[in-house]
file start-v4.cif (mmCIF, C-alpha atoms)
data_run
loop_
_atom_site.group_PDB
_atom_site.id
_atom_site.type_symbol
_atom_site.label_atom_id
_atom_site.label_comp_id
_atom_site.auth_asym_id
_atom_site.auth_seq_id
_atom_site.Cartn_x
_atom_site.Cartn_y
_atom_site.Cartn_z
ATOM 1 C CA LEU A 13 98.938 79.715 89.046
ATOM 2 C CA MET A 14 100.902 82.203 91.110
ATOM 3 C CA SER A 15 102.630 83.592 88.050
ATOM 4 C CA VAL A 16 99.328 84.047 86.217
ATOM 5 C CA SER A 17 97.799 85.730 89.268
ATOM 6 C CA ILE A 18 100.708 88.134 89.681
ATOM 7 C CA SER A 19 100.740 88.886 85.948
ATOM 8 C CA SER A 20 97.021 89.627 86.096
ATOM 9 C CA VAL A 21 97.491 92.103 88.934
ATOM 10 C CA VAL A 22 100.300 93.835 87.048
ATOM 11 C CA GLN A 23 98.216 94.033 83.880
ATOM 12 C CA PHE A 24 94.825 94.961 85.337
ATOM 13 C CA GLU A 25 96.162 97.416 87.877
ATOM 14 C CA LYS A 26 98.298 98.981 85.128
ATOM 15 C CA MET A 27 101.449 98.617 87.183
ATOM 16 C CA GLY A 28 104.579 99.886 85.523
ATOM 17 C CA ALA A 29 108.136 98.683 85.458
ATOM 18 C CA ARG A 30 109.038 100.813 88.483
ATOM 19 C CA ASP A 31 106.405 99.052 90.604
ATOM 20 C CA VAL A 32 107.475 95.582 89.516
ATOM 21 C CA PHE A 33 111.200 96.291 89.792
ATOM 22 C CA GLY A 34 110.706 97.903 93.196
ATOM 23 C CA LEU A 35 108.975 94.817 94.562
ATOM 24 C CA LEU A 36 111.580 92.547 93.015
ATOM 25 C CA ALA A 37 114.331 94.630 94.641
ATOM 26 C CA VAL A 38 112.756 94.097 98.060
ATOM 27 C CA LEU A 39 112.372 90.369 97.465
ATOM 28 C CA HIS A 40 115.909 90.034 96.124
ATOM 29 C CA SER A 41 117.277 91.946 99.115
ATOM 30 C CA TYR A 42 115.720 89.354 101.403
ATOM 31 C CA ALA A 43 116.801 86.485 99.141
ATOM 32 C CA VAL A 44 120.422 87.634 99.033
ATOM 33 C CA ARG A 45 120.503 88.090 102.814
ATOM 34 C CA LEU A 46 119.290 84.493 103.227
ATOM 35 C CA ALA A 47 121.689 83.254 100.539
ATOM 36 C CA VAL A 48 124.621 84.687 102.481
ATOM 37 C CA GLU A 49 123.494 82.679 105.519
ATOM 38 C CA ARG A 50 122.255 79.481 103.872
ATOM 39 C CA ALA A 51 123.868 78.860 100.487
ATOM 40 C CA THR A 52 126.546 76.240 100.114
ATOM 41 C CA ASP A 53 129.825 77.058 98.451
ATOM 42 C CA ASP A 54 128.712 75.005 95.421
ATOM 43 C CA GLU A 55 125.484 77.000 95.166
ATOM 44 C CA ILE A 56 127.401 80.266 95.335
ATOM 45 C CA ALA A 57 129.694 78.961 92.585
ATOM 46 C CA SER A 58 126.584 78.266 90.478
ATOM 47 C CA LEU A 59 125.472 81.871 91.056
ATOM 48 C CA ARG A 60 128.877 83.055 89.811
ATOM 49 C CA ARG A 61 128.611 80.874 86.692
ATOM 50 C CA ALA A 62 125.097 82.189 86.002
ATOM 51 C CA ALA A 63 126.317 85.791 86.363
ATOM 52 C CA GLU A 64 129.261 85.147 84.055
ATOM 53 C CA ARG A 65 127.013 83.564 81.415
ATOM 54 C CA ALA A 66 124.626 86.524 81.635
ATOM 55 C CA GLY A 67 127.480 88.863 80.795
ATOM 56 C CA ALA A 68 128.863 86.799 77.937
ATOM 57 C CA VAL A 69 125.910 86.799 75.538
ATOM 58 C CA GLU A 70 125.220 89.134 72.662
ATOM 59 C CA ARG A 71 121.731 88.230 71.453
ATOM 60 C CA ILE A 72 118.767 89.718 73.339
ATOM 61 C CA ALA A 73 116.746 86.487 73.535
ATOM 62 C CA GLN A 74 119.695 84.504 74.854
ATOM 63 C CA GLY A 75 120.586 87.346 77.209
ATOM 64 C CA ALA A 76 117.091 87.346 78.671
ATOM 65 C CA GLU A 77 117.336 83.614 79.314
ATOM 66 C CA GLU A 78 120.732 83.980 81.003
ATOM 67 C CA LEU A 79 119.443 86.882 83.123
ATOM 68 C CA ARG A 80 116.455 84.753 84.089
ATOM 69 C CA GLU A 81 118.843 81.979 85.158
ATOM 70 C CA PHE A 82 120.955 84.390 87.239
ATOM 71 C CA HIS A 83 117.918 85.772 89.064
ATOM 72 C CA HIS A 84 116.333 82.349 89.542
ATOM 73 C CA THR A 85 119.603 81.017 90.968
ATOM 74 C CA LEU A 86 119.881 83.982 93.332
ATOM 75 C CA SER A 87 116.448 83.321 94.782
ATOM 76 C CA ALA A 88 116.862 79.527 94.832
ATOM 77 C CA ILE A 89 120.024 79.625 96.954
ATOM 78 C CA SER A 90 118.080 81.470 99.650
ATOM 79 C CA HIS A 91 116.555 78.086 100.558
ATOM 80 C CA HIS A 92 113.172 79.784 101.029
ATOM 81 C CA PRO A 93 110.739 78.069 98.638
ATOM 82 C CA LEU A 94 107.958 80.676 98.785
ATOM 83 C CA LEU A 95 110.393 83.550 98.321
ATOM 84 C CA ALA A 96 112.033 81.735 95.407
ATOM 85 C CA ALA A 97 108.659 81.109 93.764
ATOM 86 C CA LEU A 98 107.623 84.757 94.127
ATOM 87 C CA CYS A 99 110.956 85.929 92.754
ATOM 88 C CA ARG A 100 110.745 83.552 89.776
ATOM 89 C CA ALA A 101 107.272 84.786 88.894
ATOM 90 C CA ILE A 102 108.220 88.448 89.190
ATOM 91 C CA VAL A 103 111.522 88.013 87.320
ATOM 92 C CA ASP A 104 109.582 86.555 84.409
ATOM 93 C CA ILE A 105 107.243 89.565 84.453
ATOM 94 C CA GLN A 106 110.209 91.922 84.830
ATOM 95 C CA LEU A 107 111.965 90.474 81.796
ATOM 96 C CA GLY A 108 108.786 90.897 79.781
ATOM 97 C CA LEU A 109 108.528 94.532 80.844
ATOM 98 C CA ALA A 110 112.206 95.117 80.111
ATOM 99 C CA ALA A 111 111.809 93.604 76.659
ATOM 100 C CA SER A 112 108.905 95.938 75.947
ATOM 101 C CA HIS A 113 111.060 98.940 76.918
ATOM 102 C CA ALA A 114 114.216 97.914 75.073
ATOM 103 C CA SER A 115 114.174 97.640 71.316
ATOM 104 C CA GLU A 116 115.898 94.953 69.301
ATOM 105 C CA ARG A 117 118.629 97.417 68.277
ATOM 106 C CA ALA A 118 122.109 95.993 68.707
ATOM 107 C CA GLY A 119 123.046 98.472 71.418
ATOM 108 C CA SER A 120 119.911 98.111 73.535
ATOM 109 C CA ARG A 121 120.853 94.857 75.173
ATOM 110 C CA LYS A 122 124.282 96.157 76.053
ATOM 111 C CA ALA A 123 122.871 99.491 77.209
ATOM 112 C CA VAL A 124 120.609 97.829 79.749
ATOM 113 C CA ALA A 125 121.551 94.252 80.680
ATOM 114 C CA GLY A 126 125.143 94.319 79.476
ATOM 115 C CA SER A 127 126.085 97.430 81.414
ATOM 116 C CA LEU A 128 124.868 95.780 84.625
ATOM 117 C CA GLN A 129 127.349 92.907 84.437
ATOM 118 C CA GLY A 130 129.779 94.509 86.866
ATOM 119 C CA MET A 131 126.978 95.042 89.356
ATOM 120 C CA ARG A 132 125.859 91.409 89.054
ATOM 121 C CA MET A 133 129.417 90.346 89.799
ATOM 122 C CA ASP A 134 129.458 92.716 92.808
ATOM 123 C CA VAL A 135 126.407 90.862 94.165
ATOM 124 C CA VAL A 136 128.144 87.519 93.646
ATOM 125 C CA GLU A 137 131.329 88.709 95.337
ATOM 126 C CA ALA A 138 129.398 89.974 98.356
ATOM 127 C CA VAL A 139 127.626 86.616 98.675
ATOM 128 C CA GLU A 140 130.948 84.797 98.305
ATOM 129 C CA ALA A 141 132.362 86.965 101.108
ATOM 130 C CA ARG A 142 129.268 86.141 103.208
ATOM 131 C CA ASP A 143 128.743 89.878 103.657
ATOM 132 C CA ALA A 144 124.970 90.299 103.967
ATOM 133 C CA GLU A 145 124.950 94.089 104.311
ATOM 134 C CA ARG A 146 127.101 94.565 101.228
ATOM 135 C CA ALA A 147 125.094 91.984 99.279
ATOM 136 C CA VAL A 148 121.842 93.795 100.078
ATOM 137 C CA ALA A 149 123.408 97.142 99.135
ATOM 138 C CA MET A 150 124.624 95.670 95.823
ATOM 139 C CA VAL A 151 121.184 94.212 95.021
ATOM 140 C CA ASP A 152 119.555 97.564 95.803
ATOM 141 C CA ALA A 153 122.078 99.404 93.616
ATOM 142 C CA TYR A 154 121.590 96.856 90.821
ATOM 143 C CA HIS A 155 117.830 97.292 90.791
ATOM 144 C CA GLY A 156 118.081 101.076 91.024
ATOM 145 C CA ARG A 157 120.478 101.180 88.095
ATOM 146 C CA THR A 158 118.219 98.855 86.092
ATOM 147 C CA LEU A 159 115.357 101.305 86.487
ATOM 148 C CA ASP A 160 117.589 104.233 85.508
ATOM 149 C CA LEU A 161 118.737 102.446 82.355
ATOM 150 C CA LEU A 162 115.253 101.343 81.352
ATOM 151 C CA GLY A 163 114.014 104.892 81.812
ATOM 152 C CA ALA A 164 116.836 106.192 79.616
ATOM 153 C CA ALA A 165 116.196 103.511 76.968
ATOM 154 C CA ALA A 166 112.495 104.376 76.908
ATOM 155 C CA ARG A 167 113.267 108.076 76.375
ATOM 156 C CA SER A 168 115.691 107.477 73.489
#

call {"tool": "encode", "arguments": {"input": "start-v4.cif", "output": "structure tokens"}}
result
Amino acid sequence: LMSVSISSVVQFEKMGARDVFGLLAVLHSYAVRLAVERATDDEIASLRRAAERAGAVERIAQGAEELREFHHTLSAISHHPLLAALCRAIVDIQLGLAASHASERAGSRKAVAGSLQGMRMDVVEAVEARDAERAVAMVDAYHGRTLDLLGAAARS
């Protein structure tokens, strides 16, 4: 129900990718701060595995699923059920918006999601180091770069 409600707001209020990604960045900043404090070592290892899988795929559909798993894992290890549910719903919307901005051309997936792999790993490493400030900075940089790349993909 929450996902449908959020999707309806995005659609009927004609919210763009920047609005959705901006909100997700704020939520992920909070989630990563909590993950640094609350996640177990095993949960952080699962975040690393999800990030590595997201960087290892070539097909867009599979890449979207692996990105979804990375983002869902990030919010889940915050141990904040409402935050995780909000993040899951918005990630699903975000991936839909990203798919509408990126074509099925072979280079599109790499140009957007693939080029962010290093930044995803930076987030993981900051969480592993239990460095909340760095983790938040990495999440903010990741989301900012995502918007830059989607804007560039939409213009080309």

call {"tool": "resolve_selection", "arguments": {"input": "start-v4.cif", "expression": "the PyMOL selection byres ((chain A and resi 35) around 12)", "output": "MDAnalysis selection string"}}
result
chainID A and resid 18 22 27:34 36:42 95 98:99 101:103 105:106 152 155:156

call {"tool": "atom_distance", "arguments": {"input": "start-v4.cif", "atom1": "CA of Ala144 in chain A", "atom2": "CA of Ile89 in chain A"}}
result
13.7 Å

call {"tool": "atom_distance", "arguments": {"input": "start-v4.cif", "atom1": "CA of Ala141 in chain A", "atom2": "CA of Glu81 in chain A"}}
result
21.5 Å

call {"tool": "atom_distance", "arguments": {"input": "start-v4.cif", "atom1": "CA of Phe82 in chain A", "atom2": "CA of Gly163 in chain A"}}
result
22.3 Å

call {"tool": "resolve_selection", "arguments": {"input": "start-v4.cif", "expression": "the PyMOL selection byres ((chain A and resi 50-61) around 7)", "output": "PDB file with C-alpha atoms, in the coordinates of the input"}}
result
ATOM      1  CA  LEU A  46     119.290  84.493 103.227  1.00  0.00           C
ATOM      2  CA  ALA A  47     121.689  83.254 100.539  1.00  0.00           C
ATOM      3  CA  VAL A  48     124.621  84.687 102.481  1.00  0.00           C
ATOM      4  CA  GLU A  49     123.494  82.679 105.519  1.00  0.00           C
ATOM      5  CA  ALA A  62     125.097  82.189  86.002  1.00  0.00           C
ATOM      6  CA  ALA A  63     126.317  85.791  86.363  1.00  0.00           C
ATOM      7  CA  GLU A  64     129.261  85.147  84.055  1.00  0.00           C
ATOM      8  CA  ARG A  65     127.013  83.564  81.415  1.00  0.00           C
ATOM      9  CA  PHE A  82     120.955  84.390  87.239  1.00  0.00           C
ATOM     10  CA  THR A  85     119.603  81.017  90.968  1.00  0.00           C
ATOM     11  CA  LEU A  86     119.881  83.982  93.332  1.00  0.00           C
ATOM     12  CA  ILE A  89     120.024  79.625  96.954  1.00  0.00           C
ATOM     13  CA  SER A  90     118.080  81.470  99.650  1.00  0.00           C
ATOM     14  CA  HIS A  91     116.555  78.086 100.558  1.00  0.00           C
ATOM     15  CA  VAL A 136     128.144  87.519  93.646  1.00  0.00           C
ATOM     16  CA  GLU A 140     130.948  84.797  98.305  1.00  0.00           C
TER      17      GLU A 140
END

call {"tool": "resolve_selection", "arguments": {"input": "start-v4.cif", "expression": "the PyMOL selection byres ((chain A and resi 150) around 12)", "output": "JSON, numbers by chain"}}
result
{"A": [37, 40, 41, 44, 45, 128, 130, 131, 132, 133, 134, 135, 136, 137, 138, 139, 143, 144, 145, 146, 147, 148, 149, 151, 152, 153, 154, 155, 156, 157]}

call {"tool": "axis_aligned_box", "arguments": {"input": "start-v4.cif", "around": "range 81-88 of chain A", "padding_each_side": "5 Å", "output": "AutoDock Vina command-line options"}}
result
--center_x 118.6 --center_y 82.6 --center_z 90.0 --size_x 14.6 --size_y 16.2 --size_z 19.7
